[in-house]
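Colleague: This structure is in structure tokens; I'll ask about it shortly.
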Amino acid sequence: MPLSRRRLLAASATSAAVLGTATPPAEARPSDRRRRRPGPPGSSGVTLRWLGNNGWEITFGDPAAPTTILIDPWITRFHTGTYTPQGADPATPLSVDTAAIDRLGLRADQILVTHGHYDHLPDVPHLAARTGATVLGTESHANLLTALGAPQDQLSVVRGGEYLQFDGYTIRVVDSLHSMTGPRSKVPFPGTRPGAPPPRPRVISDLVEGGTLAYLITVGDDRLRILDSGGANYDARHLTGLAPDVLLMQPGGGSVPDYVPRLLDVLDHPPYVIPTHWDDFDHPLTEPAVDWGGLDALEAAVHRASPEARFVRLDHLESFTP
């Protein structure tokens with residue numbers, strides 16, 4: 001049956017139970033890390049550019065040859081009907097628009113994959129081959145990427161818990177959870193692909209979730225911390241102590257009690273919250289983003305739970321420097 005995320009996610013985004021202000025349970029303790037407020041906007045030297053959906057380009061360092069990290073870069077945005085009343089047809093063919101990807105001129109040192117769905121994974125093999133980037137993801141993500149033609153020697157299999165040192169920055173891989181939607185609280189297109197690459201994926205239902213990861217990127221000597229979870233769900237046990245300065249946060253969370261206040265509390269109330277994965281991706285990346293229905297509710301919930309936080313809305317391909 002077609003899967004409609006508009007009905008499921010929009011309903012959850014406006015649910016008072018989800019976006020409420022109840023006192024968080026004991027599991028959601030603030031970080032033991034002393035909160036160091038970042039400087040005024042523009043002072044960090046780190047630029048975040050929104051590539052639509054959960055796609056992000058994070059750059060810093062030498063302006064002539066910046067270090068670049070991509071998260072879930074999906075530029076092709078083929079038509080799926082995901083946010084229509086009918087929902088996405090699982091038999092929708094996969095496609096990759098290499099010309100559209102190349103026009104952006106993206107480079108990358110690392111590409112971070114949060115999960116394996118069709119709106120996160122399909123463009124990664126082409127970008128990996130073109131940029132030479134190392135791709136981080138679960139065993140299932142690596143097998144799906146291999147089946148799609150990604151260079152195998154560039155794939156780094158992670159599972160959550162890894163803490164990786166690079167030149168001038170670190171990446172902490174965090175075990176996370178995918179959004180669960182509908183009356184039975186299910187993960188869309190669930191499953192894993194362990195062991196060996198499957199046959200080449202042909203339709204969107206062939207790209208299963210494959211485990212969900214979050215990533216904490218820390219630039220310089222704790223200059224700036226950025227957290228992206230890729231879904232409207234989380235395990236608070238793995239977030240305690242992270243205390244990001246910038247949280248890339250998805251609307252929704254219909255199956256998560258007090259989704260917004262608990263998350264902001266366990267993360268010690270990040271100074272910046274930037275919404276992600278809020279646009280209807282049937283509209284081109286070259287046009288203004290179209291809200292699928294959860295953005296205003298998310299902003300209101302963030303302001304209630306964390307009044308001092310700055311909620312930063314970006315449009316397609318817009319940039320922000322904290």
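The way I read the labels, and the way they are meant: chains A, B, ... in the order of the structure tokens, residue 1 as the first residue of every chain, and ligand 1 as the first ligand shown, with later ones counted on from there.
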Could you pull out the residues in region 211-286 of chain A that DSSP calls helix (DSSP H, G or I) from the backbone, as JSON, numbers by chain?

Modeller: {"A": [236, 237, 238, 259, 260, 261, 262, 263, 264, 265, 266]}

Colleague: Within 8 Å of Thr92 (chain A), counting only C-alpha atoms, which residues qualify if same-chain residues fewer than 5 places away don't, as JSON, numbers by chain?

Modeller: {"A": [80, 203, 204]}

Colleague: Under the rule that only C-alpha atoms are counted, which of A:Leu136, A:Val157, A:His126, A:Glu57 is the nearest residue to Ala108 (chain A)?

Modeller: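 Answer, going by the shortest atom-to-atom distance: A:Glu57.
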
Colleague: Please run DSSP on the backbone and report, as a PyMOL selection string, all residues within region 20-190 of chain A that come out as strand (DSSP E).

Modeller: chain A and resi 46-50+56-60+67-71+110-112+134-137+155-157+163-166+169-176

Colleague: Let me see the file: selected residues, N, CA and C atoms, as a compact mmCIF listing (two decimals), in the first residue's frame.

Modeller:
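Result written to again.txt:
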# COMPACT_ATOMS: atom_id res chain seq x y z
N VAL A 46 32.64 28.28 10.90
CA VAL A 46 32.03 27.06 10.37
C VAL A 46 30.75 27.45 9.64
N THR A 47 30.58 26.99 8.41
CA THR A 47 29.40 27.34 7.63
C THR A 47 28.60 26.09 7.34
N LEU A 48 27.30 26.17 7.60
CA LEU A 48 26.37 25.09 7.30
C LEU A 48 25.49 25.53 6.13
N ARG A 49 25.43 24.73 5.08
CA ARG A 49 24.56 25.00 3.94
C ARG A 49 23.55 23.87 3.81
N TRP A 50 22.27 24.24 3.73
CA TRP A 50 21.20 23.23 3.65
C TRP A 50 21.01 22.82 2.20
N TRP A 56 23.18 18.21 4.21
CA TRP A 56 23.95 19.34 4.75
C TRP A 56 25.37 19.32 4.22
N GLU A 57 25.87 20.52 3.97
CA GLU A 57 27.27 20.73 3.65
C GLU A 57 27.87 21.57 4.79
N ILE A 58 28.87 21.05 5.46
CA ILE A 58 29.51 21.74 6.58
C ILE A 58 30.96 22.01 6.19
N THR A 59 31.36 23.29 6.19
CA THR A 59 32.70 23.66 5.74
C THR A 59 33.38 24.53 6.79
N PHE A 60 34.72 24.39 6.86
CA PHE A 60 35.52 25.19 7.78
C PHE A 60 36.99 25.06 7.38
N THR A 67 37.88 22.21 4.61
CA THR A 67 37.42 20.88 4.99
C THR A 67 35.91 20.84 4.80
N THR A 68 35.41 19.77 4.20
CA THR A 68 33.98 19.69 3.87
C THR A 68 33.43 18.34 4.30
N ILE A 69 32.33 18.40 5.05
CA ILE A 69 31.61 17.20 5.48
C ILE A 69 30.19 17.29 4.92
N LEU A 70 29.75 16.26 4.24
CA LEU A 70 28.38 16.18 3.75
C LEU A 70 27.59 15.18 4.60
N ILE A 71 26.36 15.53 4.90
CA ILE A 71 25.44 14.63 5.59
C ILE A 71 24.26 14.35 4.66
N GLN A 110 34.44 13.78 4.11
CA GLN A 110 33.62 12.68 4.60
C GLN A 110 32.17 12.89 4.16
N ILE A 111 31.48 11.78 3.93
CA ILE A 111 30.04 11.78 3.71
C ILE A 111 29.44 10.91 4.81
N LEU A 112 28.54 11.48 5.59
CA LEU A 112 27.94 10.78 6.72
C LEU A 112 26.52 10.36 6.36
N THR A 134 35.54 9.66 2.14
CA THR A 134 35.23 8.49 2.95
C THR A 134 33.77 8.55 3.36
N VAL A 135 33.05 7.44 3.22
CA VAL A 135 31.63 7.38 3.53
C VAL A 135 31.44 6.56 4.80
N LEU A 136 30.80 7.14 5.80
CA LEU A 136 30.52 6.45 7.05
C LEU A 136 29.07 6.00 7.07
N GLY A 137 28.83 4.77 7.49
CA GLY A 137 27.48 4.24 7.62
C GLY A 137 27.53 2.84 8.19
N LEU A 155 34.35 3.06 1.72
CA LEU A 155 33.28 2.84 2.68
C LEU A 155 33.84 2.43 4.03
N SER A 156 33.44 3.13 5.08
CA SER A 156 33.86 2.84 6.45
C SER A 156 32.64 2.43 7.26
N VAL A 157 32.61 1.17 7.68
CA VAL A 157 31.46 0.64 8.41
C VAL A 157 31.55 1.03 9.88
N TYR A 163 34.55 7.17 17.92
CA TYR A 163 34.97 8.56 18.15
C TYR A 163 36.22 8.76 17.32
N LEU A 164 36.10 9.50 16.21
CA LEU A 164 37.11 9.52 15.17
C LEU A 164 37.82 10.86 15.13
N GLN A 165 39.15 10.83 15.14
CA GLN A 165 39.97 12.04 15.08
C GLN A 165 40.43 12.30 13.66
N PHE A 166 40.21 13.52 13.19
CA PHE A 166 40.71 13.96 11.90
C PHE A 166 41.54 15.23 12.11
N TYR A 169 39.40 18.34 13.58
CA TYR A 169 38.02 18.09 13.96
C TYR A 169 37.84 16.62 14.34
N THR A 170 36.73 16.32 15.00
CA THR A 170 36.39 14.95 15.35
C THR A 170 34.96 14.66 14.91
N ILE A 171 34.68 13.37 14.70
CA ILE A 171 33.32 12.92 14.43
C ILE A 171 33.00 11.80 15.41
N ARG A 172 31.97 12.00 16.19
CA ARG A 172 31.48 10.96 17.10
C ARG A 172 30.24 10.33 16.47
N VAL A 173 30.26 9.02 16.30
CA VAL A 173 29.13 8.28 15.74
C VAL A 173 28.24 7.84 16.89
N VAL A 174 26.94 8.17 16.79
CA VAL A 174 26.01 7.95 17.90
C VAL A 174 24.89 7.01 17.44
N ASP A 175 24.68 5.94 18.18
CA ASP A 175 23.57 5.04 17.89
C ASP A 175 22.26 5.80 18.07
N SER A 176 21.38 5.71 17.08
CA SER A 176 20.14 6.48 17.13
C SER A 176 18.96 5.63 16.66

Colleague: Given the choices A:Ser306, A:Ser205, A:Val246, A:Pro261, which gets closest to Arg223 (chain A) if the distance is worked out from only C-alpha atoms?

Modeller: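 Smallest distance to Arg223 (chain A) is found for A:Val246.
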
Colleague: Would you mind listing what lies within 7 Å of region 113-122 of chain A as a compact mmCIF listing (two decimals) with N, CA, C and O atoms, in the first residue's frame, with only C-alpha atoms counted and same-chain residues fewer than 4 positions away left out?

Modeller:
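So out10.txt came out as:
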# COMPACT_ATOMS: atom_id res chain seq x y z
N ILE A 71 26.36 15.53 4.90
CA ILE A 71 25.44 14.63 5.59
C ILE A 71 24.26 14.35 4.66
O ILE A 71 23.63 15.28 4.14
N ASP A 72 23.98 13.09 4.41
CA ASP A 72 22.81 12.65 3.63
C ASP A 72 22.57 13.50 2.38
O ASP A 72 21.44 13.98 2.16
N PRO A 73 23.56 13.70 1.53
CA PRO A 73 23.35 14.57 0.37
C PRO A 73 22.47 13.90 -0.69
O PRO A 73 22.87 12.93 -1.31
N TRP A 74 21.27 14.42 -0.87
CA TRP A 74 20.34 13.89 -1.88
C TRP A 74 19.88 15.05 -2.74
O TRP A 74 19.00 15.82 -2.36
N VAL A 96 19.23 8.77 -10.44
CA VAL A 96 20.29 9.67 -9.98
C VAL A 96 20.56 10.67 -11.09
O VAL A 96 20.92 10.28 -12.21
N LEU A 136 30.80 7.14 5.80
CA LEU A 136 30.52 6.45 7.05
C LEU A 136 29.07 6.00 7.07
O LEU A 136 28.16 6.78 6.72
N GLY A 137 28.83 4.77 7.49
CA GLY A 137 27.48 4.24 7.62
C GLY A 137 27.53 2.84 8.19
O GLY A 137 28.60 2.26 8.36
N HIS A 141 24.09 0.00 5.28
CA HIS A 141 24.27 1.14 4.38
C HIS A 141 25.40 0.85 3.39
O HIS A 141 25.27 1.13 2.18
N ILE A 204 12.16 2.43 -4.68
CA ILE A 204 12.43 3.06 -3.38
C ILE A 204 12.30 2.10 -2.21
O ILE A 204 12.99 2.25 -1.20
N LEU A 207 15.48 0.31 -0.76
CA LEU A 207 16.40 1.02 0.13
C LEU A 207 15.79 1.06 1.53
O LEU A 207 15.00 1.94 1.86
N VAL A 208 16.19 0.10 2.35
CA VAL A 208 15.63 -0.04 3.68
C VAL A 208 16.40 0.84 4.67
O VAL A 208 17.51 1.30 4.40
N GLU A 209 15.80 1.03 5.84
CA GLU A 209 16.39 1.91 6.86
C GLU A 209 17.80 1.48 7.24
O GLU A 209 18.73 2.29 7.30
N GLY A 210 18.00 0.20 7.54
CA GLY A 210 19.35 -0.34 7.75
C GLY A 210 20.05 0.13 8.99
O GLY A 210 21.29 0.11 9.07
N GLY A 211 19.29 0.56 10.03
CA GLY A 211 19.89 1.14 11.22
C GLY A 211 20.03 2.64 11.05
O GLY A 211 20.28 3.13 9.94
N THR A 212 19.85 3.38 12.13
CA THR A 212 19.92 4.84 12.07
C THR A 212 21.03 5.34 12.99
O THR A 212 21.17 4.87 14.12
N LEU A 213 21.81 6.28 12.49
CA LEU A 213 22.92 6.86 13.24
C LEU A 213 22.75 8.37 13.36
O LEU A 213 22.14 9.01 12.50
N ALA A 214 23.29 8.93 14.42
CA ALA A 214 23.46 10.37 14.56
C ALA A 214 24.96 10.65 14.53
O ALA A 214 25.78 9.76 14.78
N SER A 229 20.70 13.97 13.71
CA SER A 229 20.25 12.61 14.00
C SER A 229 19.54 11.95 12.83
O SER A 229 19.33 10.74 12.85
N GLY A 230 19.11 12.72 11.84
CA GLY A 230 18.51 12.13 10.65
C GLY A 230 17.10 11.61 10.81
O GLY A 230 16.51 11.11 9.86

Colleague: With only C-alpha atoms as the atoms that count, which of A:Ala236, A:Leu227, A:Leu314, A:Ala99 lies nearest to Val290 (chain A)?

Modeller: A:Leu314

Colleague: At a cut-off of 10 Å, using only C-alpha atoms, what residues contact His269 (chain A)? Leave out same-chain residues fewer than 6 positions from it and give the result as a list in words.

Modeller: Pro30, Ser31, Arg35, Ala243, Pro244, Asp245, Val246, Leu247, Pro261, Arg262, Leu263, Val302, Ala305, Ser306, Pro307, Glu308 and Ala309 of chain A

Colleague: Store the residues of this selection in a file with all heavy atoms, as a compact mmCIF listing (two decimals), in the first residue's frame.

Modeller:
# COMPACT_ATOMS: atom_id res chain seq x y z
N PRO A 30 20.63 16.82 31.80
CA PRO A 30 21.53 17.69 31.05
C PRO A 30 22.96 17.18 31.09
O PRO A 30 23.33 16.36 31.92
CB PRO A 30 21.41 19.04 31.78
CG PRO A 30 20.11 18.97 32.52
CD PRO A 30 19.95 17.51 32.88
N SER A 31 23.76 17.72 30.21
CA SER A 31 25.15 17.31 30.11
C SER A 31 25.95 17.73 31.32
O SER A 31 25.68 18.75 31.95
CB SER A 31 25.75 17.95 28.86
OG SER A 31 27.14 17.85 28.88
N ARG A 35 28.37 24.25 29.87
CA ARG A 35 27.89 24.89 28.65
C ARG A 35 28.69 26.15 28.37
O ARG A 35 28.69 27.09 29.15
CB ARG A 35 26.40 25.21 28.79
CG ARG A 35 25.87 26.17 27.75
CD ARG A 35 25.99 25.65 26.33
NE ARG A 35 25.04 24.59 26.07
CZ ARG A 35 25.15 23.75 25.06
NH1 ARG A 35 26.18 23.84 24.25
NH2 ARG A 35 24.25 22.82 24.87
N ALA A 243 25.94 17.76 24.39
CA ALA A 243 25.81 19.22 24.49
C ALA A 243 26.23 19.96 23.22
O ALA A 243 27.18 20.75 23.23
CB ALA A 243 26.62 19.73 25.69
N PRO A 244 25.54 19.73 22.10
CA PRO A 244 25.92 20.44 20.87
C PRO A 244 25.61 21.92 20.96
O PRO A 244 24.72 22.35 21.70
CB PRO A 244 25.05 19.76 19.80
CG PRO A 244 23.84 19.31 20.56
CD PRO A 244 24.35 18.88 21.90
N ASP A 245 26.35 22.71 20.18
CA ASP A 245 26.04 24.13 20.03
C ASP A 245 24.97 24.33 18.97
O ASP A 245 24.19 25.28 19.04
CB ASP A 245 27.30 24.90 19.64
CG ASP A 245 28.42 24.73 20.64
OD1 ASP A 245 28.22 25.10 21.81
OD2 ASP A 245 29.48 24.20 20.27
N VAL A 246 24.97 23.45 17.97
CA VAL A 246 23.99 23.51 16.88
C VAL A 246 23.30 22.15 16.78
O VAL A 246 23.97 21.12 16.64
CB VAL A 246 24.67 23.84 15.53
CG1 VAL A 246 23.63 23.85 14.41
CG2 VAL A 246 25.40 25.16 15.61
N LEU A 247 21.98 22.17 16.87
CA LEU A 247 21.19 20.95 16.71
C LEU A 247 20.40 21.05 15.41
O LEU A 247 19.62 21.99 15.21
CB LEU A 247 20.21 20.78 17.88
CG LEU A 247 19.19 19.64 17.75
CD1 LEU A 247 19.89 18.28 17.68
CD2 LEU A 247 18.19 19.68 18.91
N PRO A 261 10.79 18.85 24.21
CA PRO A 261 11.39 19.25 25.48
C PRO A 261 12.38 18.24 26.04
O PRO A 261 13.41 18.62 26.60
CB PRO A 261 10.19 19.43 26.42
CG PRO A 261 9.07 18.72 25.77
CD PRO A 261 9.31 18.78 24.30
N ARG A 262 12.11 16.96 25.86
CA ARG A 262 13.07 15.96 26.37
C ARG A 262 14.38 16.01 25.61
O ARG A 262 15.46 15.92 26.21
CB ARG A 262 12.47 14.54 26.28
CG ARG A 262 11.43 14.22 27.31
CD ARG A 262 11.26 12.71 27.53
NE ARG A 262 11.09 11.98 26.30
CZ ARG A 262 11.91 11.04 25.86
NH1 ARG A 262 13.00 10.71 26.55
NH2 ARG A 262 11.67 10.41 24.73
N LEU A 263 14.29 16.16 24.28
CA LEU A 263 15.51 16.20 23.49
C LEU A 263 16.35 17.43 23.84
O LEU A 263 17.57 17.33 24.03
CB LEU A 263 15.17 16.20 22.00
CG LEU A 263 16.37 16.25 21.04
CD1 LEU A 263 17.32 15.09 21.29
CD2 LEU A 263 15.89 16.26 19.58
N VAL A 302 9.99 24.46 20.21
CA VAL A 302 11.36 24.81 20.62
C VAL A 302 11.33 26.08 21.47
O VAL A 302 11.99 26.17 22.51
CB VAL A 302 12.26 24.99 19.39
CG1 VAL A 302 13.60 25.63 19.78
CG2 VAL A 302 12.51 23.64 18.72
N ALA A 305 10.05 25.22 24.97
CA ALA A 305 10.94 24.39 25.78
C ALA A 305 12.29 25.04 26.05
O ALA A 305 12.93 24.74 27.07
CB ALA A 305 11.15 23.03 25.09
N SER A 306 12.73 25.91 25.13
CA SER A 306 14.06 26.50 25.25
C SER A 306 14.01 27.94 24.73
O SER A 306 14.49 28.23 23.63
CB SER A 306 15.07 25.67 24.45
OG SER A 306 16.39 26.00 24.78
N PRO A 307 13.44 28.86 25.52
CA PRO A 307 13.20 30.23 25.03
C PRO A 307 14.46 30.97 24.58
O PRO A 307 14.37 31.87 23.75
CB PRO A 307 12.57 30.93 26.25
CG PRO A 307 12.00 29.82 27.08
CD PRO A 307 12.92 28.66 26.88
N GLU A 308 15.63 30.61 25.11
CA GLU A 308 16.85 31.32 24.75
C GLU A 308 17.47 30.81 23.45
O GLU A 308 18.38 31.44 22.91
CB GLU A 308 17.87 31.22 25.88
CG GLU A 308 17.44 31.93 27.16
CD GLU A 308 18.52 31.89 28.22
OE1 GLU A 308 19.61 31.32 27.94
OE2 GLU A 308 18.28 32.41 29.31
N ALA A 309 16.99 29.68 22.97
CA ALA A 309 17.56 29.12 21.74
C ALA A 309 17.19 29.98 20.53
O ALA A 309 16.09 30.53 20.45
CB ALA A 309 17.08 27.70 21.54

Colleague: Show me, as a tab-separated table (two decimals) with all heavy atoms, in the first residue's frame, the residues that have an atom within 10 Å of Ser44 (chain A) when counting only C-alpha atoms, minus same-chain residues fewer than 6 positions from it.

Modeller:
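See around_0.tsv below for the written result:
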chain	number	residue	atom	x	y	z
A	38	PRO	N	28.57	29.75	22.44
A	38	PRO	CA	29.40	30.22	21.33
A	38	PRO	C	29.31	31.73	21.18
A	38	PRO	O	28.44	32.38	21.76
A	38	PRO	CB	28.80	29.49	20.12
A	38	PRO	CG	27.39	29.23	20.52
A	38	PRO	CD	27.41	28.99	22.00
A	60	PHE	N	34.72	24.39	6.86
A	60	PHE	CA	35.52	25.19	7.78
A	60	PHE	C	36.99	25.06	7.38
A	60	PHE	O	37.35	24.20	6.56
A	60	PHE	CB	35.32	24.74	9.24
A	60	PHE	CG	35.47	23.27	9.46
A	60	PHE	CD1	36.69	22.70	9.78
A	60	PHE	CD2	34.38	22.41	9.32
A	60	PHE	CE1	36.84	21.34	9.96
A	60	PHE	CE2	34.50	21.04	9.51
A	60	PHE	CZ	35.74	20.50	9.84
A	219	VAL	N	34.43	20.87	15.81
A	219	VAL	CA	35.45	21.57	15.02
A	219	VAL	C	36.43	22.26	15.96
A	219	VAL	O	36.03	22.92	16.93
A	219	VAL	CB	34.80	22.61	14.10
A	219	VAL	CG1	35.86	23.37	13.30
A	219	VAL	CG2	33.81	21.93	13.15
A	220	GLY	N	37.72	22.09	15.66
A	220	GLY	CA	38.77	22.76	16.43
A	220	GLY	C	38.82	22.30	17.87
A	220	GLY	O	38.38	21.19	18.21
A	223	ARG	N	35.58	24.25	19.42
A	223	ARG	CA	35.07	25.54	18.96
A	223	ARG	C	33.57	25.50	18.69
A	223	ARG	O	32.83	26.43	19.00
A	223	ARG	CB	35.82	25.97	17.71
A	223	ARG	CG	35.50	27.40	17.26
A	223	ARG	CD	35.97	27.72	15.84
A	223	ARG	NE	37.14	26.98	15.42
A	223	ARG	CZ	37.52	26.88	14.15
A	223	ARG	NH1	36.80	27.46	13.20
A	223	ARG	NH2	38.59	26.19	13.81
A	224	LEU	N	33.12	24.43	18.04
A	224	LEU	CA	31.71	24.31	17.70
A	224	LEU	C	31.34	22.84	17.59
A	224	LEU	O	32.08	22.06	16.98
A	224	LEU	CB	31.40	25.02	16.38
A	224	LEU	CG	29.92	25.24	16.09
A	224	LEU	CD1	29.38	26.41	16.91
A	224	LEU	CD2	29.67	25.49	14.60
A	321	THR	N	26.38	30.74	9.35
A	321	THR	CA	27.60	30.59	10.13
A	321	THR	C	27.30	30.95	11.58
A	321	THR	O	27.03	32.13	11.86
A	321	THR	CB	28.73	31.48	9.59
A	321	THR	OG1	29.02	31.11	8.24
A	321	THR	CG2	29.99	31.33	10.42
A	322	PRO	N	27.32	29.98	12.50
A	322	PRO	CA	27.03	30.28	13.92
A	322	PRO	C	28.08	31.22	14.50
A	322	PRO	O	29.22	31.28	14.04
A	322	PRO	CB	27.07	28.90	14.58
A	322	PRO	CG	26.90	27.92	13.45
A	322	PRO	CD	27.53	28.57	12.26

Colleague: Looking at A:Gly61, A:Pro288, A:Pro198, A:Gly132, which one is nearest to Leu148 (chain A), with distances taken over only C-alpha atoms?

Modeller: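 Smallest distance to Leu148 (chain A) is found for A:Pro198.
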